[in-house]
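Before any comments, here is the structure.
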Amino acid sequence: MKQIMVIDDDTYISDMLKEVLEKEGYAVSQAWSGTEALLRLQTNRPDLVLLDLMLPGLSGEGVLAKIQGIPVIVISAKGDVSDKVSLLLGGAADYVTKPFDIRELLARITVCLRNVPDNGKNSLLSFENINLDTISHQVTVEDCPVKLTKTEYAILKLLLANPSQVISKSVMLDRIAQDTPDCVESSLKVHVSNLRRKLRQADPQKRDYIEAVWGIGFRMKES
């Protein structure tokens, strides 16, 4: 299932797009400001972004400049040709002017996703000696299989997808909630502790691959 992020502070338009896109079989996430969008993109890399320009806080142009490796369709009331040219040269994959025909937008989305079918995604997530296959759900440390619970797997997958970033507890709970609804803040520390122990036991050097950042959350620990 392809994932699309809608970044628009107009609640009516955002919710309308979400409803239409979900009916078309897409998974949809939403952000209502530029700052919120960048925070969400740290832990969630969709296949496509629909971006409004007139956003509170960081502008759509500012968001576009910071998005790498994800196709962006700009949706804006600005219809001037110079604006369109500037944004297309600045990294946008396409430009749709408001008000738009939803059929045209869906066609443009289809074409855009066809041109980058997998968004560069790989089924294998790796960090030093750890490998996680998102298709088979197999986890190994130096080729030694590691048996994880569903919650432990979801936590590790999130951390491996963002190895250089500190994932806050609230973000972690939000991102794994769909797969592990039983995991709550009071039990998160226990799940992380069990995951760290299993990875450490499988490593010949008994390394600790996950570190806690006090008062914030967790991240992968480089050797």
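Chain lettering (A, B, ...) mirrors the order of the structure tokens, residue numbering begins at 1 for each chain separately, and ligand numbering begins at 1 in order of display.
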Inset, instruction - Skip range 203-210 of chain A itself and residues of its chain fewer than 5 positions away, then list as a count of residues only all residues within 6 Å of it, counting only C-alpha atoms. - result: 3
Legend entry - Residues flagged alpha helix (DSSP H) by DSSP in range 23-185 of chain A, as a ChimeraX atom specification: /A:23,34-43,60-66,81-89,102-115,150-161,169-176,185
Legend entry - Within 7 Å of Thr180 in chain A using only C-alpha atoms, minus same-chain residues under 4 positions, as a PyMOL selection string: chain A and resi 150-151+176
Legend entry - Among listed residues A:Asp47, A:Asp8, A:Glu19, A:Glu152, nearest Asn194 in chain A (using only C-alpha atoms):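 Comparing A:Asp47, A:Asp8, A:Glu19, A:Glu152 against Asn194 in chain A, the winner is A:Glu152.
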Legend entry - Pick from A:Tyr26, A:Tyr12, A:Trp214, A:Tyr95 nearest to Val166 in chain A, counting only C-alpha atoms: A:Trp214
Inset, instruction - For CA of Met54 in chain A and CA of Thr11 in chain A, determine how far apart the two atoms are, in Å to one decimal place. - result: 13.1 Å
Legend entry - Which of range 1-220 of chain A DSSP labels strand (DSSP E), written as a ChimeraX atom specification: /A:3-7,27-31,48-51,72-76,94-97,124-127,130-133,139-141,144-145,167-168,210-213,217-220
Any idea what's packed within 12 Å of Leu105 in chain A, counting only C-alpha atoms, ignoring anything in its chain fewer than 6 positions away? Could you give it as a tab-separated table (two decimals) with N, CA, C and O atoms, in the first residue's frame?
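Output below, filename result.tsv:
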chain	number	residue	atom	x	y	z
A	17	LEU	N	-9.07	15.27	1.02
A	17	LEU	CA	-8.03	14.51	0.33
A	17	LEU	C	-7.80	13.16	1.01
A	17	LEU	O	-7.64	12.14	0.35
A	20	VAL	N	-10.71	10.80	0.08
A	20	VAL	CA	-10.64	10.37	-1.32
A	20	VAL	C	-9.48	9.40	-1.54
A	20	VAL	O	-9.63	8.36	-2.19
A	21	LEU	N	-8.32	9.74	-1.01
A	21	LEU	CA	-7.13	8.91	-1.21
A	21	LEU	C	-7.27	7.55	-0.56
A	21	LEU	O	-6.84	6.53	-1.11
A	50	LEU	N	1.86	15.56	-0.69
A	50	LEU	CA	1.03	16.61	-1.28
A	50	LEU	C	1.21	17.84	-0.39
A	50	LEU	O	0.86	17.82	0.79
A	73	ILE	N	4.20	16.76	-4.76
A	73	ILE	CA	3.28	17.48	-5.64
A	73	ILE	C	2.80	18.71	-4.86
A	73	ILE	O	2.17	18.58	-3.81
A	74	VAL	N	3.14	19.89	-5.37
A	74	VAL	CA	2.71	21.12	-4.73
A	74	VAL	C	1.27	21.41	-5.13
A	74	VAL	O	0.90	21.32	-6.30
A	75	ILE	N	0.44	21.72	-4.13
A	75	ILE	CA	-0.96	22.09	-4.38
A	75	ILE	C	-1.14	23.49	-3.80
A	75	ILE	O	-1.08	23.67	-2.59
A	94	ASP	N	5.66	17.92	-9.29
A	94	ASP	CA	4.52	18.40	-10.07
A	94	ASP	C	3.90	19.56	-9.32
A	94	ASP	O	4.21	19.81	-8.14
A	95	TYR	N	2.98	20.27	-10.00
A	95	TYR	CA	2.33	21.45	-9.43
A	95	TYR	C	0.88	21.45	-9.86
A	95	TYR	O	0.57	21.39	-11.04
A	96	VAL	N	-0.02	21.53	-8.89
A	96	VAL	CA	-1.45	21.58	-9.17
A	96	VAL	C	-2.03	22.85	-8.54
A	96	VAL	O	-1.77	23.14	-7.38
A	97	THR	N	-2.78	23.59	-9.33
A	97	THR	CA	-3.33	24.86	-8.85
A	97	THR	C	-4.71	24.66	-8.25
A	97	THR	O	-5.55	23.96	-8.79
A	98	LYS	N	-4.94	25.28	-7.08
A	98	LYS	CA	-6.26	25.29	-6.46
A	98	LYS	C	-7.13	26.35	-7.15
A	98	LYS	O	-6.62	27.41	-7.50
A	99	PRO	N	-8.43	26.09	-7.30
A	99	PRO	CA	-9.13	24.82	-7.05
A	99	PRO	C	-8.77	23.80	-8.12
A	99	PRO	O	-8.50	24.15	-9.26
A	111	VAL	N	0.76	8.90	-11.92
A	111	VAL	CA	1.95	9.07	-12.78
A	111	VAL	C	3.19	9.27	-11.94
A	111	VAL	O	4.25	8.69	-12.20
A	112	CYS	N	3.08	10.08	-10.90
A	112	CYS	CA	4.22	10.39	-10.05
A	112	CYS	C	4.73	9.13	-9.35
A	112	CYS	O	5.94	8.88	-9.28
Inset, instruction - Go through A:Ala212, A:Ala92, A:Cys144, A:Ala154 one by one, measure the shortest atom-to-atom distance of each to Gly69 in chain A using only C-alpha atoms, and give the residue with the smallest value. - result: A:Ala92
How close does range 119-189 of chain A get to range 40-45 of chain A? List, as a tab-separated table, each residue of range 119-189 of chain A within 8 Å, its nearest atom pair and the distance in Å to one decimal, counting only C-alpha atoms.
residue	atom	partner	partner_atom	distance
A:Leu158	CA	A:Thr43	CA	7.3
A:Ala161	CA	A:Thr43	CA	7.7
A:Asn162	CA	A:Thr43	CA	6.7
A:Ile167	CA	A:Thr43	CA	7.9
A:Val171	CA	A:Thr43	CA	7.9
A:Arg175	CA	A:Thr43	CA	7.6
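Closest to Leu89 in chain A among A:Asp9, A:Glu61, A:Asp15, A:Glu211 is A:Glu61, based on only C-alpha atoms.
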Legend entry - Length of the CA of Leu48 in chain A to CA of Ile13 in chain A vector [Å]: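 Straight-line distance from CA of Leu48 in chain A to CA of Ile13 in chain A works out to 17.1 Å.
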Inset, instruction - Would you mind telling me which residue in A:Met16, A:Leu148, A:Ala27, A:Leu160 lies nearest to Asn131 in chain A when using only C-alpha atoms? - result: A:Leu160
